[in-house]
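File shown: structure_19.cif. Contents: mmCIF, C-alpha atoms.
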data_upload
#
loop_
_atom_site.group_PDB
_atom_site.id
_atom_site.type_symbol
_atom_site.label_atom_id
_atom_site.label_comp_id
_atom_site.auth_asym_id
_atom_site.auth_seq_id
_atom_site.Cartn_x
_atom_site.Cartn_y
_atom_site.Cartn_z
ATOM 1 C CA MET A 193 -29.202 44.718 140.898
ATOM 2 C CA LEU A 194 -29.074 40.930 140.766
ATOM 3 C CA ASP A 195 -27.437 41.053 137.352
ATOM 4 C CA MET A 196 -24.731 43.349 138.643
ATOM 5 C CA VAL A 197 -24.111 41.171 141.695
ATOM 6 C CA PHE A 198 -23.806 38.069 139.505
ATOM 7 C CA GLN A 199 -21.393 39.878 137.240
ATOM 8 C CA LEU A 200 -19.275 40.796 140.247
ATOM 9 C CA ILE A 201 -19.360 37.190 141.481
ATOM 10 C CA THR A 202 -18.296 35.987 138.039
ATOM 11 C CA PHE A 203 -15.419 38.471 138.041
ATOM 12 C CA PHE A 204 -14.126 37.353 141.424
ATOM 13 C CA MET A 205 -14.513 33.690 140.487
ATOM 14 C CA LEU A 206 -12.472 34.219 137.333
ATOM 15 C CA VAL A 207 -9.673 36.056 139.084
ATOM 16 C CA LEU A 208 -9.615 33.579 141.971
ATOM 17 C CA ASN A 209 -5.984 32.656 142.355
ATOM 18 C CA PHE A 210 -5.343 29.169 143.673
ATOM 19 C CA LYS A 211 -1.618 29.571 143.020
ATOM 20 C CA ALA A 212 -1.356 32.232 145.742
ATOM 21 C CA ALA A 213 -2.185 29.601 148.364
ATOM 22 C CA ALA A 214 1.191 27.985 147.693
ATOM 23 C CA LEU A 215 3.026 31.208 148.461
ATOM 24 C CA ASP A 216 4.143 32.065 151.971
ATOM 25 C CA MET A 217 3.362 35.772 152.091
ATOM 26 C CA THR A 218 5.256 36.280 155.362
ATOM 27 C CA LEU A 219 8.571 35.892 153.519
ATOM 28 C CA LYS A 220 10.403 39.056 152.543
ATOM 29 C CA LEU A 221 11.951 38.564 149.134
ATOM 30 C CA PRO A 222 15.126 40.410 148.112
ATOM 31 C CA VAL A 223 14.964 43.133 145.469
ATOM 32 C CA VAL A 224 16.914 42.262 142.328
ATOM 33 C CA GLY A 225 17.211 44.370 139.175
ATOM 34 C CA SER A 226 17.021 41.620 136.571
ATOM 35 C CA ALA A 227 14.248 39.602 138.227
ATOM 36 C CA MET A 228 11.516 39.443 135.615
ATOM 37 C CA PRO A 229 8.065 37.922 135.873
ATOM 38 C CA VAL A 230 8.003 34.892 133.595
ATOM 39 C CA ASP A 231 4.782 33.411 132.315
ATOM 40 C CA THR A 232 5.191 29.804 131.266
ATOM 41 C CA GLY A 233 1.648 29.802 129.929
ATOM 42 C CA GLY A 234 0.822 26.868 132.162
ATOM 43 C CA GLN A 235 2.917 24.622 129.937
ATOM 44 C CA GLU A 236 5.534 23.898 132.524
ATOM 45 C CA GLU A 237 5.038 22.202 135.845
ATOM 46 C CA LEU A 238 6.182 24.262 138.814
ATOM 47 C CA LEU A 239 7.055 23.102 142.293
ATOM 48 C CA ILE A 240 6.985 26.034 144.727
ATOM 49 C CA LEU A 241 9.169 25.785 147.820
ATOM 50 C CA ASN A 242 9.154 28.463 150.540
ATOM 51 C CA LEU A 243 12.298 28.765 152.633
ATOM 52 C CA SER A 244 11.958 30.571 155.969
ATOM 53 C CA PRO A 245 14.757 32.606 157.627
ATOM 54 C CA THR A 246 15.306 29.678 160.011
ATOM 55 C CA GLY A 247 15.817 27.284 157.104
ATOM 56 C CA ASP A 248 12.457 25.512 157.354
ATOM 57 C CA LEU A 249 10.757 24.420 154.174
ATOM 58 C CA THR A 250 7.057 25.241 153.985
ATOM 59 C CA VAL A 251 4.614 24.103 151.343
ATOM 60 C CA TYR A 252 0.988 25.344 151.435
ATOM 61 C CA GLY A 253 1.662 26.716 154.915
ATOM 62 C CA GLU A 254 2.862 23.380 156.298
ATOM 63 C CA LYS A 255 6.391 22.648 157.431
ATOM 64 C CA VAL A 256 7.657 19.631 155.499
ATOM 65 C CA ASN A 257 10.629 17.325 155.602
ATOM 66 C CA LEU A 258 12.835 18.330 152.675
ATOM 67 C CA GLU A 259 14.202 14.950 151.578
ATOM 68 C CA GLY A 260 10.888 13.098 151.931
ATOM 69 C CA TYR A 261 8.853 15.784 150.189
ATOM 70 C CA ILE A 262 11.218 16.171 147.227
ATOM 71 C CA ALA A 263 11.462 12.373 146.799
ATOM 72 C CA VAL A 264 7.664 12.071 146.658
ATOM 73 C CA GLU A 265 7.300 15.033 144.278
ATOM 74 C CA ALA A 266 10.019 13.649 141.984
ATOM 75 C CA GLU A 267 8.204 10.323 141.818
ATOM 76 C CA VAL A 268 4.914 12.095 141.065
ATOM 77 C CA SER A 269 6.636 14.128 138.343
ATOM 78 C CA ARG A 270 8.093 10.955 136.844
ATOM 79 C CA MET A 271 4.692 9.260 136.850
ATOM 80 C CA ALA A 272 3.071 12.326 135.270
ATOM 81 C CA ALA A 273 5.718 12.278 132.541
ATOM 82 C CA LYS A 274 5.109 8.559 131.992
ATOM 83 C CA SER A 275 1.412 9.218 131.454
ATOM 84 C CA LYS A 276 2.442 11.655 128.706
ATOM 85 C CA GLY A 277 4.567 8.990 127.049
ATOM 86 C CA LEU A 278 7.927 10.100 128.406
ATOM 87 C CA ASP A 279 10.062 7.495 130.118
ATOM 88 C CA ILE A 280 12.173 9.272 132.719
ATOM 89 C CA LYS A 281 14.420 7.008 134.716
ATOM 90 C CA SER A 282 15.528 7.676 138.275
ATOM 91 C CA GLY A 283 18.214 10.391 138.264
ATOM 92 C CA ASP A 284 17.323 11.637 134.755
ATOM 93 C CA GLU A 285 16.340 15.260 134.273
ATOM 94 C CA LEU A 286 12.764 16.007 135.300
ATOM 95 C CA PRO A 287 10.651 18.494 133.318
ATOM 96 C CA THR A 288 9.497 20.347 136.452
ATOM 97 C CA THR A 289 10.891 23.754 137.449
ATOM 98 C CA ILE A 290 11.668 24.248 141.129
ATOM 99 C CA VAL A 291 10.556 27.703 142.259
ATOM 100 C CA ILE A 292 12.408 28.757 145.390
ATOM 101 C CA ARG A 293 10.970 31.608 147.456
ATOM 102 C CA ALA A 294 13.494 32.279 150.173
ATOM 103 C CA ASP A 295 13.458 35.049 152.744
ATOM 104 C CA GLU A 296 16.148 37.648 152.167
ATOM 105 C CA THR A 297 17.775 36.721 155.487
ATOM 106 C CA SER A 298 17.917 32.981 154.711
ATOM 107 C CA ARG A 299 21.432 31.601 154.757
ATOM 108 C CA PHE A 300 23.131 30.012 151.771
ATOM 109 C CA LYS A 301 23.617 26.692 153.577
ATOM 110 C CA ASP A 302 19.819 26.235 153.791
ATOM 111 C CA LEU A 303 19.309 27.236 150.165
ATOM 112 C CA TYR A 304 22.127 24.946 149.060
ATOM 113 C CA ARG A 305 20.597 22.044 150.989
ATOM 114 C CA VAL A 306 17.345 22.527 149.038
ATOM 115 C CA ILE A 307 19.111 22.861 145.671
ATOM 116 C CA GLU A 308 21.353 19.865 146.310
ATOM 117 C CA THR A 309 18.444 17.654 147.360
ATOM 118 C CA CYS A 310 16.491 18.651 144.250
ATOM 119 C CA GLN A 311 19.510 18.028 141.994
ATOM 120 C CA LYS A 312 19.967 14.543 143.449
ATOM 121 C CA LYS A 313 16.369 13.724 142.533
ATOM 122 C CA GLY A 314 16.799 14.927 138.945
ATOM 123 C CA TYR A 315 15.623 18.532 138.995
ATOM 124 C CA ARG A 316 17.774 20.859 136.895
ATOM 125 C CA LYS A 317 15.592 23.884 136.217
ATOM 126 C CA PHE A 318 15.340 26.393 139.041
ATOM 127 C CA ALA A 319 13.691 29.776 139.441
ATOM 128 C CA LEU A 320 14.855 31.953 142.304
ATOM 129 C CA LYS A 321 12.147 34.412 143.286
ATOM 130 C CA ALA A 322 12.829 38.052 144.024
ATOM 131 C CA LYS A 323 11.049 41.364 143.779
ATOM 132 C CA ALA A 324 11.735 43.397 140.675
ATOM 133 C CA LYS A 325 13.219 46.847 141.194
ATOM 134 C CA GLY A 326 10.870 49.818 140.850
ATOM 135 C CA MET B 107 -63.295 12.950 128.152
ATOM 136 C CA ARG B 108 -61.996 16.442 127.981
ATOM 137 C CA ARG B 109 -58.434 16.872 128.746
ATOM 138 C CA ARG B 110 -57.565 19.519 131.245
ATOM 139 C CA ARG B 111 -55.264 22.120 129.986
ATOM 140 C CA SER B 112 -52.406 22.647 132.343
ATOM 141 C CA LYS B 113 -52.333 26.186 133.644
ATOM 142 C CA PRO B 114 -49.192 28.166 133.381
ATOM 143 C CA SER B 115 -47.246 27.911 136.603
ATOM 144 C CA ASP B 116 -47.852 30.761 138.945
ATOM 145 C CA ALA B 117 -44.829 29.954 141.140
ATOM 146 C CA LYS B 118 -42.826 33.038 141.943
ATOM 147 C CA LEU B 119 -39.144 33.225 142.540
ATOM 148 C CA ASN B 120 -38.181 34.681 145.864
ATOM 149 C CA MET B 121 -35.818 37.346 144.674
ATOM 150 C CA ALA B 122 -34.967 38.578 148.158
ATOM 151 C CA ALA B 123 -33.506 35.186 149.120
ATOM 152 C CA MET B 124 -31.675 34.966 145.813
ATOM 153 C CA LEU B 125 -30.180 38.404 146.356
ATOM 154 C CA ASP B 126 -29.141 37.483 149.901
ATOM 155 C CA MET B 127 -27.347 34.405 148.661
ATOM 156 C CA ALA B 128 -25.713 36.341 145.842
ATOM 157 C CA PHE B 129 -24.459 38.968 148.281
ATOM 158 C CA GLN B 130 -23.098 36.282 150.565
ATOM 159 C CA LEU B 131 -21.194 34.757 147.668
ATOM 160 C CA LEU B 132 -19.977 38.176 146.642
ATOM 161 C CA SER B 133 -18.792 38.943 150.198
ATOM 162 C CA PHE B 134 -16.925 35.647 150.294
ATOM 163 C CA PHE B 135 -15.080 36.350 147.059
ATOM 164 C CA VAL B 136 -14.307 39.959 148.026
ATOM 165 C CA LEU B 137 -12.937 38.944 151.421
ATOM 166 C CA THR B 138 -10.832 36.058 150.099
ATOM 167 C CA PHE B 139 -9.530 38.010 147.091
ATOM 168 C CA LYS B 140 -5.751 38.109 147.076
ATOM 169 C CA PRO B 141 -4.124 39.722 144.061
ATOM 170 C CA ASP B 142 -1.127 37.882 142.648
ATOM 171 C CA PRO B 143 2.013 39.457 144.182
ATOM 172 C CA ALA B 144 4.257 41.157 141.640
ATOM 173 C CA GLU B 145 7.248 38.841 141.869
ATOM 174 C CA GLY B 146 10.062 38.313 139.452
ATOM 175 C CA GLN B 147 12.413 35.418 139.133
ATOM 176 C CA ILE B 148 15.825 34.518 137.862
ATOM 177 C CA MET B 149 15.735 31.338 135.818
ATOM 178 C CA LEU B 150 18.757 29.127 136.222
ATOM 179 C CA ARG B 151 19.905 25.843 134.904
ATOM 180 C CA LEU B 152 21.756 24.199 137.758
ATOM 181 C CA PRO B 153 23.514 20.993 136.888
ATOM 182 C CA PRO B 154 25.277 19.271 139.791
ATOM 183 C CA PRO B 155 28.854 20.541 140.225
ATOM 184 C CA GLU B 156 31.370 18.811 138.006
ATOM 185 C CA ALA B 157 35.136 18.648 138.015
ATOM 186 C CA VAL B 158 36.588 21.881 136.658
ATOM 187 C CA ALA B 159 38.917 20.022 134.300
ATOM 188 C CA GLY B 160 37.388 16.995 132.652
ATOM 189 C CA ALA B 161 39.401 13.844 133.321
ATOM 190 C CA LYS B 162 39.092 12.071 130.007
ATOM 191 C CA SER B 163 41.632 9.353 130.538
ATOM 192 C CA ASN B 164 43.910 7.927 133.148
ATOM 193 C CA THR B 165 46.893 9.755 131.641
ATOM 194 C CA PRO B 166 48.747 11.709 134.332
ATOM 195 C CA ALA B 167 48.736 15.469 133.945
ATOM 196 C CA GLY B 168 51.271 16.696 131.392
ATOM 197 C CA GLU B 169 51.900 13.218 129.946
ATOM 198 C CA ASP B 170 49.535 13.592 126.994
ATOM 199 C CA LYS B 171 51.872 14.894 124.290
ATOM 200 C CA ASN B 172 49.067 15.124 121.749
ATOM 201 C CA ASN B 173 47.231 17.665 123.842
ATOM 202 C CA THR B 174 48.297 21.026 122.499
ATOM 203 C CA ASP B 175 45.580 22.862 124.383
ATOM 204 C CA PRO B 176 46.625 23.138 128.015
ATOM 205 C CA ILE B 177 43.268 24.550 129.102
ATOM 206 C CA GLN B 178 41.228 21.859 127.368
ATOM 207 C CA GLY B 179 38.298 20.984 129.618
ATOM 208 C CA ILE B 180 38.693 24.037 131.794
ATOM 209 C CA GLU B 181 35.488 25.807 130.953
ATOM 210 C CA SER B 182 34.288 26.943 134.345
ATOM 211 C CA LEU B 183 34.898 30.350 135.798
ATOM 212 C CA ILE B 184 35.143 30.116 139.558
ATOM 213 C CA ILE B 185 33.817 32.947 141.691
ATOM 214 C CA SER B 186 34.298 32.716 145.440
ATOM 215 C CA ALA B 187 32.194 34.705 147.892
ATOM 216 C CA PHE B 188 33.231 34.760 151.509
ATOM 217 C CA ALA B 189 30.745 35.853 154.160
ATOM 218 C CA ASN B 190 30.838 37.935 157.315
ATOM 219 C CA PRO B 191 29.130 36.536 160.430
ATOM 220 C CA ASP B 192 26.138 38.839 159.728
ATOM 221 C CA GLY B 193 25.722 37.213 156.296
ATOM 222 C CA SER B 194 27.012 40.105 154.194
ATOM 223 C CA ILE B 195 29.779 39.707 151.607
ATOM 224 C CA GLN B 196 33.203 39.871 153.225
ATOM 225 C CA SER B 197 35.234 39.453 150.058
ATOM 226 C CA LEU B 198 34.999 38.201 146.507
ATOM 227 C CA ALA B 199 37.477 36.449 144.252
ATOM 228 C CA VAL B 200 37.420 35.484 140.595
ATOM 229 C CA GLY B 201 39.757 32.575 140.144
ATOM 230 C CA GLU B 202 42.471 33.361 142.617
ATOM 231 C CA GLY B 203 42.391 37.128 142.255
ATOM 232 C CA GLY B 204 40.495 39.255 144.747
ATOM 233 C CA VAL B 205 37.774 41.603 143.508
ATOM 234 C CA GLY B 206 36.867 45.031 144.901
ATOM 235 C CA GLU B 207 38.772 44.664 148.162
ATOM 236 C CA ASN B 208 38.366 48.356 148.934
ATOM 237 C CA SER B 209 35.071 48.847 147.146
ATOM 238 C CA PRO B 210 31.879 49.297 149.196
ATOM 239 C CA ASP B 211 29.833 47.843 146.324
ATOM 240 C CA LYS B 212 31.469 44.491 145.706
ATOM 241 C CA ALA B 213 28.799 43.331 143.260
ATOM 242 C CA LYS B 214 29.591 46.279 140.997
ATOM 243 C CA ALA B 215 33.302 45.502 141.164
ATOM 244 C CA LEU B 216 32.540 41.877 140.264
ATOM 245 C CA GLU B 217 30.479 42.997 137.283
ATOM 246 C CA ALA B 218 33.344 45.137 135.997
ATOM 247 C CA ARG B 219 35.780 42.230 136.364
ATOM 248 C CA LEU B 220 33.444 39.744 134.631
ATOM 249 C CA ARG B 221 32.944 42.137 131.727
ATOM 250 C CA VAL B 222 36.684 42.341 131.221
ATOM 251 C CA ILE B 223 37.038 38.549 131.369
ATOM 252 C CA LEU B 224 34.070 37.666 129.171
ATOM 253 C CA ASP B 225 34.751 40.376 126.584
ATOM 254 C CA ASP B 226 37.790 38.398 125.503
ATOM 255 C CA PRO B 227 36.622 36.231 122.564
ATOM 256 C CA ASP B 228 39.224 33.577 123.376
ATOM 257 C CA VAL B 229 37.947 32.790 126.877
ATOM 258 C CA PRO B 230 36.950 29.145 127.240
ATOM 259 C CA PHE B 231 34.347 29.712 129.955
ATOM 260 C CA LYS B 232 30.877 28.334 129.454
ATOM 261 C CA GLN B 233 29.635 28.237 133.006
ATOM 262 C CA VAL B 234 30.249 29.794 136.374
ATOM 263 C CA ILE B 235 30.864 27.930 139.597
ATOM 264 C CA LEU B 236 29.901 30.047 142.582
ATOM 265 C CA GLN B 237 31.715 29.003 145.733
ATOM 266 C CA VAL B 238 29.716 30.584 148.502
ATOM 267 C CA GLY B 239 30.239 30.834 152.246
ATOM 268 C CA SER B 240 27.511 28.976 154.111
ATOM 269 C CA ARG B 241 26.582 32.068 156.153
ATOM 270 C CA LEU B 242 25.921 34.319 153.151
ATOM 271 C CA ARG B 243 22.429 35.807 153.148
ATOM 272 C CA TYR B 244 20.030 35.135 150.259
ATOM 273 C CA ASP B 245 19.782 38.824 149.302
ATOM 274 C CA GLU B 246 23.577 39.089 148.994
ATOM 275 C CA LEU B 247 23.694 35.873 146.971
ATOM 276 C CA MET B 248 20.993 37.165 144.639
ATOM 277 C CA LYS B 249 23.103 40.267 143.944
ATOM 278 C CA LEU B 250 25.913 37.991 142.746
ATOM 279 C CA ILE B 251 23.576 35.802 140.700
ATOM 280 C CA ASP B 252 22.064 38.960 139.218
ATOM 281 C CA VAL B 253 25.518 40.132 138.120
ATOM 282 C CA CYS B 254 26.365 36.719 136.621
ATOM 283 C CA THR B 255 23.097 36.264 134.721
ATOM 284 C CA ARG B 256 23.421 39.720 133.160
ATOM 285 C CA GLN B 257 26.688 38.682 131.508
ATOM 286 C CA LYS B 258 26.942 37.365 127.990
ATOM 287 C CA LEU B 259 29.338 34.695 126.842
ATOM 288 C CA PRO B 260 31.649 35.471 123.908
ATOM 289 C CA ASN B 261 29.268 33.550 121.604
ATOM 290 C CA GLY B 262 26.471 35.977 122.530
ATOM 291 C CA GLU B 263 24.482 33.579 124.679
ATOM 292 C CA PRO B 264 23.435 34.772 128.126
ATOM 293 C CA LEU B 265 25.200 33.134 131.021
ATOM 294 C CA THR B 266 22.580 30.983 132.732
ATOM 295 C CA LYS B 267 24.612 27.893 133.551
ATOM 296 C CA LEU B 268 25.638 28.204 137.164
ATOM 297 C CA SER B 269 26.706 25.714 139.780
ATOM 298 C CA PHE B 270 26.962 26.271 143.497
ATOM 299 C CA VAL B 271 29.509 24.932 145.910
ATOM 300 C CA GLU B 272 29.238 25.530 149.640
ATOM 301 C CA LEU B 273 32.224 26.820 151.564
ATOM 302 C CA PRO B 274 32.074 25.974 155.285
ATOM 303 C CA GLU B 275 31.256 28.740 157.819
ATOM 304 C CA GLY B 276 31.524 31.779 155.603
ATOM 305 C CA GLY B 277 34.467 30.402 153.674
ATOM 306 C CA ALA B 278 37.473 28.593 155.040
ATOM 307 C CA GLY B 279 40.651 30.492 154.323
ATOM 308 C CA ALA B 280 38.777 33.702 153.672
ATOM 309 C CA PRO B 281 41.135 36.578 153.136
#
Once you've parsed the file, please lay out its structure as structure tokens.
Amino acid sequence: MLDMVFQLITFFMLVLNFKAAALDMTLKLPVVGSAMPVDTGGQEELLILNLSPTGDLTVYGEKVNLEGYIAVEAEVSRMAAKSKGLDIKSGDELPTTIVIRADETSRFKDLYRVIETCQKKGYRKFALKAKAKG
Amino acid sequence: MRRRRSKPSDAKLNMAAMLDMAFQLLSFFVLTFKPDPAEGQIMLRLPPPEAVAGAKSNTPAGEDKNNTDPIQGIESLIISAFANPDGSIQSLAVGEGGVGENSPDKAKALEARLRVILDDPDVPFKQVILQVGSRLRYDELMKLIDVCTRQKLPNGEPLTKLSFVELPEGGAGAP
């Protein structure tokens, strides 16, 4: 009995998903045919941004100020790259991918504000989240 | 002096307490278990918008007699999407030509037009600039992005280089 319980605990510990905490599950993503799950194998840094229908940016369930948050994250990304031996100057392309999870009713102006702010700080790689068809 | 031999320990593990704790841990993990949602994504490379025609010198337009290629530098295909107040697509245009004015599925009409344009091996386009009305909903925008990213450039590479430009309030001058 105890063995079985420990095995179950081990299973749940292994499948524990810390990444899911960054996702706002109240958002309703659009359904898009060519949206494919991509596994970066943990090689690439991801910055997950949730965009509500009202245009608010939430990260780990907290509403954040877009400009301030992206500026801090860009600096952190630059410092992380420096520790790996890469010298990324301000405005240069950052190796992080911005993952945008926007509600299907979000307006383009709010999405564009997020993209533009990220571009100004050096982010070039973006992943727009959607549900795959079927 | 004779040394006392230490007796084997007769301490017993309280299995009931151990089992209780194990069940508590198990309950915690079962209750907090959230499977990863099955989400897909469209990967894009989004450089900041650039001028459609590259200004390489201060020579006024048409003055460079050595330039035999009039479309040199024009490598961006411009798609405009105008929005209704409810956020749906009102109309689409590729360049200056309207797309699917009478079609209920405008994304499909756009796909057909892009195929015709990009099937031509002489087209200079390497990226798409999407001019989008500020009111357009994300799901409608994703339909357009989906159509664009499914296209292939004449050199066989998939079209992933997109830029966005915001048009004020659905799109000024919308047809």
CA of Ile240 in chain A and CA of Thr218 in chain A, how far apart in Å?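 About the pair CA of Thr218 in chain A and CA of Ile240 in chain A: they are 14.9 Å apart.
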Residue hits in chain B, query chain A, radius 7 Å, all atoms listed in the file, as a compact mmCIF listing (two decimals) with C-alpha atoms, keeping the file's coordinate frame:
# COMPACT_ATOMS: atom_id res chain seq x y z
CA LEU B 125 -30.18 38.40 146.36
CA ALA B 128 -25.71 36.34 145.84
CA PHE B 129 -24.46 38.97 148.28
CA LEU B 131 -21.19 34.76 147.67
CA LEU B 132 -19.98 38.18 146.64
CA PHE B 135 -15.08 36.35 147.06
CA PHE B 139 -9.53 38.01 147.09
CA ASP B 142 -1.13 37.88 142.65
CA GLU B 145 7.25 38.84 141.87
CA GLY B 146 10.06 38.31 139.45
CA GLN B 147 12.41 35.42 139.13
CA ILE B 148 15.82 34.52 137.86
CA MET B 149 15.74 31.34 135.82
CA LEU B 150 18.76 29.13 136.22
CA ARG B 151 19.90 25.84 134.90
CA LEU B 152 21.76 24.20 137.76
CA PRO B 153 23.51 20.99 136.89
CA PRO B 154 25.28 19.27 139.79
CA SER B 240 27.51 28.98 154.11
CA ARG B 241 26.58 32.07 156.15
CA LEU B 242 25.92 34.32 153.15
CA ARG B 243 22.43 35.81 153.15
CA TYR B 244 20.03 35.14 150.26
CA ASP B 245 19.78 38.82 149.30
CA MET B 248 20.99 37.16 144.64
CA LYS B 249 23.10 40.27 143.94
CA ASP B 252 22.06 38.96 139.22
CA GLU B 272 29.24 25.53 149.64
What's around Ala266 in chain A at 9 Å? Count only C-alpha atoms, leave out sequence neighbours fewer than 4 positions away in its own chain, and write the answer as a ChimeraX atom specification. /A:261-262,270-271,282,286,288,310,313-315
Selected by the PyMOL selection byres ((chain B and resi 255) around 9) in the shown coordinates: which residues, as a ChimeraX atom specification? /A:226 /B:148-150,250-254,256-258,264-268
List the residues matched by the PyMOL selection byres ((chain B and resi 215-230) around 7) in the displayed structure as number ranges by chain, ordered by chain and then by residue number. B: 181, 205-206, 211-214, 231-232, 253, 259-260
Check what the PyMOL selection byres ((chain B and resi 183-186) around 6) selects in the file above and give those residues as a ChimeraX atom specification. /B:182,187,198-201,231,234-238
Kindly give the distance, in Å, that separates CA of Ile280 in chain A and CA of Leu239 in chain A, rounded to a single decimal.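 Computing it gives 17.6 Å between the two atoms.
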Point-to-point distance in Å for CA of Asp216 in chain A and CA of Ala189 in chain B: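 Separating CA of Ala189 in chain B from CA of Asp216 in chain A is a distance of 27.0 Å.
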